[in-house]
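Source file: run15.csv (CSV, C-alpha atoms (C1' of nucleotides))
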chain,number,residue,atom,x,y,z
Q,1380,MET,CA,112.2,100.5,90.5
Q,1381,THR,CA,113.4,102.1,93.7
Q,1382,GLU,CA,112.1,105.6,93.8
Q,1383,GLU,CA,114.7,108.0,95.2
Q,1384,HIS,CA,113.0,111.0,96.7
Q,1385,ASP,CA,115.8,111.0,99.2
Q,1386,HIS,CA,119.1,111.6,97.5
Q,1387,PHE,CA,121.6,111.8,100.3
Q,1388,HIS,CA,123.2,108.5,101.3
Q,1389,THR,CA,120.4,106.2,100.5
Q,1390,GLU,CA,122.6,103.1,100.5
Q,1391,GLY,CA,122.6,103.0,104.3
Q,1392,CYS,CA,118.9,103.1,105.0
Q,1393,LEU,CA,116.8,102.5,101.9
Q,1394,GLY,CA,115.3,99.3,103.3
Q,1395,ILE,CA,114.5,100.8,106.7
Q,1396,SER,CA,111.6,102.8,105.3
Q,1397,ARG,CA,110.3,99.7,103.7
Q,1398,VAL,CA,110.5,97.7,106.9
Q,1399,LEU,CA,109.0,100.4,108.9
Q,1400,ALA,CA,106.1,100.7,106.6
Q,1401,ARG,CA,105.4,97.1,107.2
Q,1402,ILE,CA,106.0,96.6,111.0
Q,1403,GLY,CA,105.5,100.2,111.9
Q,1404,ASP,CA,101.8,99.8,112.0
Q,1405,LYS,CA,99.7,99.3,115.0
Q,1406,TRP,CA,99.7,95.5,115.3
Q,1407,SER,CA,102.4,93.8,113.3
Q,1408,VAL,CA,105.1,93.8,116.0
Q,1409,LEU,CA,102.6,92.6,118.6
Q,1410,ILE,CA,101.6,89.7,116.4
Q,1411,VAL,CA,105.2,88.8,115.6
Q,1412,MET,CA,106.1,88.8,119.2
Q,1413,LEU,CA,103.0,86.8,120.0
Q,1414,LEU,CA,103.8,84.2,117.4
Q,1415,ALA,CA,107.3,83.9,118.7
Q,1416,ASP,CA,106.1,81.3,121.2
Q,1417,GLY,CA,104.7,79.1,118.5
Q,1418,PRO,CA,101.7,78.6,116.1
Q,1419,ARG,CA,98.4,80.2,117.0
Q,1420,ARG,CA,94.9,80.0,115.7
Q,1421,PHE,CA,93.0,83.0,114.5
Q,1422,ASN,CA,90.5,83.5,117.3
Q,1423,GLU,CA,93.1,82.5,119.8
Q,1424,MET,CA,95.2,85.4,118.7
Q,1425,LYS,CA,92.2,87.6,118.7
Q,1426,ARG,CA,91.5,86.8,122.3
Q,1427,MET,CA,95.1,87.3,123.4
Q,1428,ILE,CA,95.5,90.7,121.8
Q,1429,ASP,CA,91.8,91.6,122.2
Q,1430,GLY,CA,92.2,95.3,121.6
Q,1431,ILE,CA,92.3,94.2,117.9
Q,1432,SER,CA,89.4,93.9,115.6
Q,1433,GLN,CA,89.0,90.8,113.5
Q,1434,ARG,CA,89.4,93.0,110.5
Q,1435,MET,CA,92.8,94.3,111.5
Q,1436,LEU,CA,93.9,90.9,112.6
Q,1437,THR,CA,93.1,89.6,109.2
Q,1438,LEU,CA,94.7,92.5,107.4
Q,1439,THR,CA,97.8,92.4,109.5
Q,1440,LEU,CA,98.2,88.7,109.1
Q,1441,ARG,CA,97.8,89.0,105.4
Q,1442,GLY,CA,100.4,91.6,105.2
Q,1443,LEU,CA,102.9,89.6,107.2
Q,1444,GLU,CA,102.1,86.6,105.2
Q,1445,ARG,CA,102.6,88.5,102.0
Q,1446,ASP,CA,106.0,89.6,103.1
Q,1447,GLY,CA,106.9,86.0,104.0
Q,1448,LEU,CA,107.1,86.6,107.8
Q,1449,VAL,CA,104.2,84.5,108.7
Q,1450,SER,CA,102.9,81.2,107.2
Q,1451,ARG,CA,99.2,80.3,107.1
Q,1452,THR,CA,98.1,76.7,107.4
Q,1453,VAL,CA,94.6,75.6,106.7
Q,1454,PHE,CA,93.2,72.4,108.2
Q,1455,PRO,CA,90.1,71.4,106.2
Q,1456,SER,CA,88.3,70.2,109.2
Q,1457,ILE,CA,84.9,71.0,110.8
Q,1458,PRO,CA,85.0,73.5,112.3
Q,1459,PRO,CA,87.7,74.9,110.1
Q,1460,ARG,CA,91.1,75.5,111.7
Q,1461,VAL,CA,93.8,77.9,110.5
Q,1462,ASP,CA,97.2,78.1,112.1
Q,1463,TYR,CA,99.5,81.0,111.8
Q,1464,GLU,CA,103.2,80.6,112.4
Q,1465,LEU,CA,106.4,82.6,112.1
Q,1466,THR,CA,108.5,81.7,109.2
Q,1467,PRO,CA,112.3,81.6,109.7
Q,1468,LEU,CA,112.3,85.1,108.2
Q,1469,GLY,CA,109.8,86.1,110.7
Q,1470,HIS,CA,111.8,84.7,113.5
Q,1471,SER,CA,114.9,86.5,112.3
Q,1472,LEU,CA,113.0,89.7,112.5
Q,1473,ARG,CA,112.6,89.3,116.2
Q,1474,GLU,CA,116.2,90.1,117.0
Q,1475,PRO,CA,116.3,93.6,115.6
Q,1476,VAL,CA,112.8,94.3,116.9
Q,1477,MET,CA,113.9,93.1,120.4
Q,1478,ALA,CA,116.9,95.4,120.2
Q,1479,LEU,CA,114.6,98.3,119.5
Q,1480,GLY,CA,112.4,97.2,122.3
Q,1481,GLN,CA,115.3,97.1,124.7
Q,1482,TRP,CA,116.4,100.5,123.6
Q,1483,ALA,CA,112.8,101.7,124.2
Q,1484,GLN,CA,112.7,100.3,127.7
Q,1485,ALA,CA,116.1,101.5,128.6
Q,1486,ASN,CA,115.1,105.1,127.6
Q,1487,LEU,CA,111.5,105.2,128.5
Q,1488,VAL,CA,112.0,107.4,131.5
Q,1489,GLY,CA,114.4,109.7,129.5
Q,1490,ILE,CA,111.8,110.1,126.8
Q,1491,ALA,CA,109.1,110.7,129.3
Q,1492,GLU,CA,111.1,113.4,131.0
Q,1493,ALA,CA,112.0,115.1,127.8
Q,1494,GLN,CA,108.3,115.1,126.8
Q,1495,ALA,CA,107.3,116.5,130.2
Q,1496,GLU,CA,109.9,119.3,129.9
Q,1497,PHE,CA,109.0,120.1,126.3
Q,1498,ASP,CA,105.3,120.3,127.2
Q,1499,ARG,CA,106.1,122.5,130.2
Q,1500,ARG,CA,108.1,124.9,128.1
Q,1501,SER,CA,105.4,124.9,125.4
Q,1502,ALA,CA,102.8,125.8,128.0
Q,1503,ASP,CA,105.1,128.6,129.3
Q,1504,ALA,CA,105.5,129.9,125.8
Q,1505,ALA,CA,101.8,129.8,125.2
Q,1506,ALA,CA,101.1,131.6,128.5
Q,1507,GLU,CA,103.0,134.7,127.7
Q,1508,PRO,CA,101.4,137.3,125.5
Q,1509,PRO,CA,101.8,136.5,121.8
Q,1510,LEU,CA,101.9,140.2,120.8
Q,1511,GLN,CA,105.0,142.3,121.0
Q,1512,ARG,CA,104.8,144.8,123.9
Q,1513,ALA,CA,108.2,146.1,123.2
Q,1514,ALA,CA,106.9,149.3,121.6
Q,1515,GLY,CA,105.1,150.1,124.8
Q,1516,MET,CA,101.5,149.1,124.0
Q,1517,ARG,CA,100.4,151.8,126.4
H,1160,MET,CA,98.4,105.2,132.6
H,1161,THR,CA,99.6,102.4,130.5
H,1162,GLU,CA,96.6,101.0,128.9
H,1163,GLU,CA,96.8,97.2,128.7
H,1164,HIS,CA,94.6,96.0,125.8
H,1165,ASP,CA,97.2,93.3,125.3
H,1166,HIS,CA,97.4,91.0,128.2
H,1167,PHE,CA,99.8,88.4,127.2
H,1168,HIS,CA,103.5,89.0,128.1
H,1169,THR,CA,103.5,92.8,127.9
H,1170,GLU,CA,106.7,93.0,130.0
H,1171,GLY,CA,108.8,92.1,127.0
H,1172,CYS,CA,107.5,94.5,124.5
H,1173,LEU,CA,105.5,97.3,125.9
H,1174,GLY,CA,107.9,100.0,124.9
H,1175,ILE,CA,108.2,98.8,121.3
H,1176,SER,CA,104.8,100.0,120.4
H,1177,ARG,CA,105.6,103.3,121.9
H,1178,VAL,CA,108.8,103.7,119.9
H,1179,LEU,CA,107.2,102.5,116.8
H,1180,ALA,CA,104.5,105.0,117.1
H,1181,ARG,CA,107.2,107.7,117.1
H,1182,ILE,CA,109.7,106.5,114.6
H,1183,GLY,CA,107.3,104.3,112.7
H,1184,ASP,CA,106.0,107.3,110.7
H,1185,LYS,CA,107.0,108.2,107.3
H,1186,TRP,CA,110.0,110.6,108.0
H,1187,SER,CA,111.4,110.2,111.5
H,1188,VAL,CA,113.9,107.6,110.7
H,1189,LEU,CA,115.1,109.4,107.6
H,1190,ILE,CA,115.6,112.5,109.6
H,1191,VAL,CA,117.4,110.7,112.4
H,1192,MET,CA,119.7,109.1,109.9
H,1193,LEU,CA,120.3,112.4,108.1
H,1194,LEU,CA,121.2,114.2,111.3
H,1195,ALA,CA,123.6,111.4,112.2
H,1196,ASP,CA,126.2,113.3,110.2
H,1197,GLY,CA,125.9,116.5,112.2
H,1198,PRO,CA,123.7,119.5,112.7
H,1199,ARG,CA,121.5,120.7,109.8
H,1200,ARG,CA,119.4,123.7,109.0
H,1201,PHE,CA,115.7,123.5,108.2
H,1202,ASN,CA,115.7,124.2,104.5
H,1203,GLU,CA,119.0,122.3,104.1
H,1204,MET,CA,117.2,119.2,105.4
H,1205,LYS,CA,114.2,120.0,103.3
H,1206,ARG,CA,116.3,120.0,100.2
H,1207,MET,CA,118.1,116.8,101.1
H,1208,ILE,CA,115.0,114.9,101.7
H,1209,ASP,CA,112.9,116.8,99.2
H,1210,GLY,CA,110.1,114.4,99.1
H,1211,ILE,CA,109.0,115.9,102.3
H,1212,SER,CA,106.8,118.9,102.7
H,1213,GLN,CA,107.7,121.8,105.1
H,1214,ARG,CA,104.7,120.9,107.2
H,1215,MET,CA,105.8,117.3,107.8
H,1216,LEU,CA,109.4,118.4,108.3
H,1217,THR,CA,108.3,120.8,111.0
H,1218,LEU,CA,105.9,118.3,112.6
H,1219,THR,CA,108.4,115.5,112.6
H,1220,LEU,CA,111.1,117.6,114.0
H,1221,ARG,CA,108.8,118.8,116.7
H,1222,GLY,CA,107.9,115.3,117.6
H,1223,LEU,CA,111.5,114.2,117.7
H,1224,GLU,CA,112.4,117.3,119.8
H,1225,ARG,CA,109.6,116.5,122.2
H,1226,ASP,CA,110.9,113.1,122.8
H,1227,GLY,CA,114.3,114.4,123.4
H,1228,LEU,CA,115.9,112.8,120.3
H,1229,VAL,CA,116.6,116.1,118.5
H,1230,SER,CA,117.7,119.5,119.9
H,1231,ARG,CA,116.7,122.7,118.2
H,1232,THR,CA,119.0,125.8,118.4
H,1233,VAL,CA,117.9,129.2,117.2
H,1234,PHE,CA,120.4,131.8,116.1
H,1235,PRO,CA,118.7,135.2,116.3
H,1236,SER,CA,120.4,136.5,113.2
H,1237,ILE,CA,119.0,137.9,110.0
H,1238,PRO,CA,118.0,135.9,108.2
H,1239,PRO,CA,117.1,133.6,111.1
H,1240,ARG,CA,119.0,130.4,111.4
H,1241,VAL,CA,117.8,127.2,113.2
H,1242,ASP,CA,120.0,124.2,113.6
H,1243,TYR,CA,118.7,120.8,114.4
H,1244,GLU,CA,121.0,118.2,116.0
H,1245,LEU,CA,120.8,114.7,117.4
H,1246,THR,CA,120.9,114.6,121.1
H,1247,PRO,CA,122.9,111.7,122.8
H,1248,LEU,CA,119.6,109.9,123.1
H,1249,GLY,CA,119.0,110.4,119.4
H,1250,HIS,CA,122.4,109.1,118.6
H,1251,SER,CA,121.8,106.0,120.8
H,1252,LEU,CA,118.7,105.3,118.8
H,1253,ARG,CA,120.8,104.9,115.6
H,1254,GLU,CA,122.1,101.6,116.8
H,1255,PRO,CA,118.9,99.6,117.0
H,1256,VAL,CA,117.6,101.4,113.9
H,1257,MET,CA,120.7,100.5,112.0
H,1258,ALA,CA,120.2,96.9,113.1
H,1259,LEU,CA,116.7,97.0,111.7
H,1260,GLY,CA,118.0,98.5,108.5
H,1261,GLN,CA,120.7,95.8,108.2
H,1262,TRP,CA,118.0,93.2,108.6
H,1263,ALA,CA,115.9,94.9,106.0
H,1264,GLN,CA,118.7,95.0,103.5
H,1265,ALA,CA,119.8,91.4,104.2
H,1266,ASN,CA,116.2,90.2,103.6
H,1267,LEU,CA,115.0,92.6,100.9
H,1268,VAL,CA,115.2,90.0,98.2
H,1269,GLY,CA,113.6,87.4,100.3
H,1270,ILE,CA,110.7,89.7,101.1
H,1271,ALA,CA,110.3,90.7,97.5
H,1272,GLU,CA,110.2,87.0,96.4
H,1273,ALA,CA,107.7,86.2,99.1
H,1274,GLN,CA,105.5,89.1,97.9
H,1275,ALA,CA,105.8,88.1,94.3
H,1276,GLU,CA,104.8,84.5,95.0
H,1277,PHE,CA,102.0,85.6,97.3
H,1278,ASP,CA,100.6,88.0,94.6
H,1279,ARG,CA,101.0,85.3,92.0
H,1280,ARG,CA,99.0,82.8,94.1
H,1281,SER,CA,96.4,85.5,94.9
H,1282,ALA,CA,96.0,86.1,91.2
H,1283,ASP,CA,95.6,82.4,90.6
H,1284,ALA,CA,93.0,82.1,93.3
H,1285,ALA,CA,91.1,85.0,91.9
H,1286,ALA,CA,91.2,83.5,88.4
H,1287,GLU,CA,89.6,80.2,89.1
H,1288,PRO,CA,85.8,80.0,89.6
H,1289,PRO,CA,84.7,81.1,93.0
H,1290,LEU,CA,82.1,78.3,93.2
H,1291,GLN,CA,82.8,74.9,94.6
H,1292,ARG,CA,83.4,72.2,91.9
H,1293,ALA,CA,84.5,69.8,94.6
H,1294,ALA,CA,82.0,67.2,93.5
H,1295,GLY,CA,84.0,66.5,90.4
H,1296,MET,CA,87.6,67.3,91.4
H,1297,ARG,CA,88.9,63.8,91.4
A,852,DC,C1',114.8,131.7,106.3
A,853,DG,C1',111.8,129.2,109.3
A,854,DG,C1',108.0,128.4,110.3
A,855,DG,C1',102.3,128.7,111.5
A,856,DA,C1',97.4,128.1,109.8
A,857,DT,C1',94.1,126.3,106.9
A,858,DC,C1',92.0,123.3,103.6
A,859,DC,C1',91.8,119.0,101.3
A,860,DA,C1',92.7,114.1,99.8
A,861,DC,C1',93.8,109.9,101.2
A,862,DT,C1',94.6,106.1,104.3
A,863,DC,C1',94.1,103.6,108.3
A,864,DT,C1',91.2,101.7,111.8
A,865,DG,C1',87.1,100.1,114.1
A,866,DA,C1',82.2,98.6,114.2
A,867,DT,C1',78.8,96.0,112.2
A,868,DA,C1',76.7,92.6,109.4
A,869,DC,C1',76.9,88.6,106.5
A,870,DT,C1',79.1,84.0,104.6
A,871,DG,C1',81.0,79.2,104.1
B,842,DC,C1',85.7,79.1,113.4
B,843,DA,C1',87.6,82.0,110.1
B,844,DG,C1',86.9,85.0,107.5
B,845,DT,C1',84.7,88.9,103.7
B,846,DA,C1',82.1,93.3,102.7
B,847,DT,C1',80.6,97.8,103.7
B,848,DC,C1',80.5,102.0,106.0
B,849,DA,C1',81.9,105.8,109.2
B,850,DG,C1',85.2,108.3,111.8
B,851,DA,C1',89.9,109.5,113.0
B,852,DG,C1',94.3,110.3,111.7
B,853,DT,C1',98.1,111.5,108.4
B,854,DG,C1',100.2,113.8,104.8
B,855,DG,C1',100.4,117.4,101.0
B,856,DA,C1',99.5,122.1,98.9
B,857,DT,C1',98.9,126.7,99.6
B,858,DC,C1',98.9,131.1,101.8
B,859,DC,C1',100.7,134.1,105.2
B,860,DC,C1',103.7,136.1,108.9
B,861,DG,C1',108.0,137.5,111.7

Rewrite the coordinates I just gave you, this time as structure tokens.
Amino acid sequence: MTEEHDHFHTEGCLGISRVLARIGDKWSVLIVMLLADGPRRFNEMKRMIDGISQRMLTLTLRGLERDGLVSRTVFPSIPPRVDYELTPLGHSLREPVMALGQWAQANLVGIAEAQAEFDRRSADAAAEPPLQRAAGMR
Amino acid sequence: MTEEHDHFHTEGCLGISRVLARIGDKWSVLIVMLLADGPRRFNEMKRMIDGISQRMLTLTLRGLERDGLVSRTVFPSIPPRVDYELTPLGHSLREPVMALGQWAQANLVGIAEAQAEFDRRSADAAAEPPLQRAAGMR
DNA sequence: CGGGATCCACTCTGATACTG
DNA sequence: CAGTATCAGAGTGGATCCCG
């Protein structure tokens, strides 16, 4: 069942990769956080996120629904109405995600600084001649 | 700077997408967890993870180094030796990641069950005729 | 040993058009 | 309104070869 291409101490973090594969995409977390306030309709969510295409909203909601994080309720009315809502499991995911978000905000500047310095040093390294002039290239 | 294609309550979760874009890839978390035990050499890590290609190991380490999560130390010996180590920032990331991992493990079965039922219902839906037989479904 | 460079396969995402 | 279907482009990851 569980493929073990990583054979160190898998016990501690086998599920992380799984979870990250699901919520690590571009929209899942945004949708979960959006649904945290309560049920939403399809186009309502589309408008609120609006960088998202209807395709990705559909696909992401399907994935979340498949994993039991989101429930889908169809009202057979005219016009049709479909509500998406966080399941208890989906709500429970909010806590660790929020923790990650708090870490992110707490360290945003630190990361930005590290990036800036890394890029600066990379630029420096690229600026100096790539050839060895140690032998006295005349 | 910060593009706002999501205009709901961005304050609460703007950094999450950033962080997920970094650690949400296939190997970053694995590497961070691996380095949690202490410094490791390049090929040593490659052997321990072993599903990974040298390319992705290099790329992932570069990304982590750029964000200040991992430090790279070169020993100019023969053969060359390079150690990778978690920075304090990298170590601090372990906590929220572990929280996510614990959530994952706590809910692995629930997710698997949800997936199984979803797939089962999808199969059912695909099996029955795609045309409406509503006129006679009493 | 620790990479860099290149090529290729696959996936993910978005844009567009059509359906019930 | 709430999707589905198809296509095209970008991005991601792997395999291979090469270099210091």

Exercise for the section: Quick one: everything within 8 Å of Ile1395 (chain Q), counting only C-alpha atoms (C1' of nucleotides), minus sequence neighbours fewer than 4 positions away in the same chain. Send it as a ChimeraX atom specification. Expected result: /Q:1399 /H:1188,1256,1259-1260,1263-1264

Practice task
Give as an NGL selection string every residue of chain B that touches chain Q within 12 Å, counting all atoms listed in the file.
Solution key: :B and (842-846 or 861)

Store the residues picked out above in a file with C-alpha atoms (C1' of nucleotides), as a PDB file, in the coordinates of the input.
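Written file, result.pdb:
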ATOM      1  C1'  DC B 842      85.700  79.100 113.400  1.00  0.00           C
ATOM      2  C1'  DA B 843      87.600  82.000 110.100  1.00  0.00           C
ATOM      3  C1'  DG B 844      86.900  85.000 107.500  1.00  0.00           C
ATOM      4  C1'  DT B 845      84.700  88.900 103.700  1.00  0.00           C
ATOM      5  C1'  DA B 846      82.100  93.300 102.700  1.00  0.00           C
ATOM      6  C1'  DG B 861     108.000 137.500 111.700  1.00  0.00           C
TER       7       DG B 861
END

With a distance threshold of 8 Å and counting only C-alpha atoms, extract the residues of chain H near chain Q and express them as a PDB file with C-alpha atoms, in the coordinates of the input.
ATOM      1  CA  HIS H1164      94.600  96.000 125.800  1.00  0.00           C
ATOM      2  CA  ASP H1165      97.200  93.300 125.300  1.00  0.00           C
ATOM      3  CA  HIS H1166      97.400  91.000 128.200  1.00  0.00           C
ATOM      4  CA  PHE H1167      99.800  88.400 127.200  1.00  0.00           C
ATOM      5  CA  GLY H1171     108.800  92.100 127.000  1.00  0.00           C
ATOM      6  CA  CYS H1172     107.500  94.500 124.500  1.00  0.00           C
ATOM      7  CA  LEU H1173     105.500  97.300 125.900  1.00  0.00           C
ATOM      8  CA  GLY H1174     107.900 100.000 124.900  1.00  0.00           C
ATOM      9  CA  ILE H1175     108.200  98.800 121.300  1.00  0.00           C
ATOM     10  CA  SER H1176     104.800 100.000 120.400  1.00  0.00           C
ATOM     11  CA  ARG H1177     105.600 103.300 121.900  1.00  0.00           C
ATOM     12  CA  VAL H1178     108.800 103.700 119.900  1.00  0.00           C
ATOM     13  CA  LEU H1179     107.200 102.500 116.800  1.00  0.00           C
ATOM     14  CA  ALA H1180     104.500 105.000 117.100  1.00  0.00           C
ATOM     15  CA  GLY H1183     107.300 104.300 112.700  1.00  0.00           C
ATOM     16  CA  ASP H1184     106.000 107.300 110.700  1.00  0.00           C
ATOM     17  CA  LYS H1185     107.000 108.200 107.300  1.00  0.00           C
ATOM     18  CA  VAL H1188     113.900 107.600 110.700  1.00  0.00           C
ATOM     19  CA  LEU H1189     115.100 109.400 107.600  1.00  0.00           C
ATOM     20  CA  MET H1192     119.700 109.100 109.900  1.00  0.00           C
ATOM     21  CA  LEU H1193     120.300 112.400 108.100  1.00  0.00           C
ATOM     22  CA  MET H1207     118.100 116.800 101.100  1.00  0.00           C
ATOM     23  CA  ILE H1208     115.000 114.900 101.700  1.00  0.00           C
ATOM     24  CA  ASP H1209     112.900 116.800  99.200  1.00  0.00           C
ATOM     25  CA  GLY H1210     110.100 114.400  99.100  1.00  0.00           C
ATOM     26  CA  GLU H1224     112.400 117.300 119.800  1.00  0.00           C
ATOM     27  CA  ARG H1225     109.600 116.500 122.200  1.00  0.00           C
ATOM     28  CA  ASP H1226     110.900 113.100 122.800  1.00  0.00           C
ATOM     29  CA  GLY H1227     114.300 114.400 123.400  1.00  0.00           C
ATOM     30  CA  LEU H1248     119.600 109.900 123.100  1.00  0.00           C
ATOM     31  CA  LEU H1252     118.700 105.300 118.800  1.00  0.00           C
ATOM     32  CA  PRO H1255     118.900  99.600 117.000  1.00  0.00           C
ATOM     33  CA  VAL H1256     117.600 101.400 113.900  1.00  0.00           C
ATOM     34  CA  MET H1257     120.700 100.500 112.000  1.00  0.00           C
ATOM     35  CA  ALA H1258     120.200  96.900 113.100  1.00  0.00           C
ATOM     36  CA  LEU H1259     116.700  97.000 111.700  1.00  0.00           C
ATOM     37  CA  GLY H1260     118.000  98.500 108.500  1.00  0.00           C
ATOM     38  CA  TRP H1262     118.000  93.200 108.600  1.00  0.00           C
ATOM     39  CA  ALA H1263     115.900  94.900 106.000  1.00  0.00           C
ATOM     40  CA  GLN H1264     118.700  95.000 103.500  1.00  0.00           C
ATOM     41  CA  ASN H1266     116.200  90.200 103.600  1.00  0.00           C
ATOM     42  CA  LEU H1267     115.000  92.600 100.900  1.00  0.00           C
ATOM     43  CA  GLY H1269     113.600  87.400 100.300  1.00  0.00           C
ATOM     44  CA  ILE H1270     110.700  89.700 101.100  1.00  0.00           C
ATOM     45  CA  ALA H1271     110.300  90.700  97.500  1.00  0.00           C
ATOM     46  CA  ALA H1273     107.700  86.200  99.100  1.00  0.00           C
ATOM     47  CA  GLN H1274     105.500  89.100  97.900  1.00  0.00           C
ATOM     48  CA  PHE H1277     102.000  85.600  97.300  1.00  0.00           C
ATOM     49  CA  ASP H1278     100.600  88.000  94.600  1.00  0.00           C
TER      50      ASP H1278
END

Give one line per residue of chain A that approaches chain Q to at most 12 Å, naming the two atoms of the closest pair and their distance in Å to one decimal, counting only C-alpha atoms (C1' of nucleotides); sort by chain then ascending residue number and deliver it as a tab-separated table.
residue	atom	partner	partner_atom	distance
A:DC863	C1'	Q:Asp1404	CA	9.3
A:DT864	C1'	Q:Met1435	CA	7.6
A:DG865	C1'	Q:Ser1432	CA	6.8
A:DA866	C1'	Q:Ser1432	CA	8.7
A:DT867	C1'	Q:Arg1434	CA	11.1
A:DG871	C1'	Q:Pro1459	CA	10.0

Completion exercise
re CA of Glu1423 (chain Q) and CA of Thr1466 (chain Q): distance 18.7 Å

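Annotation: chain Q versus chain H, same sequence, C-alpha RMSD 1.9 Å after least-squares fit.
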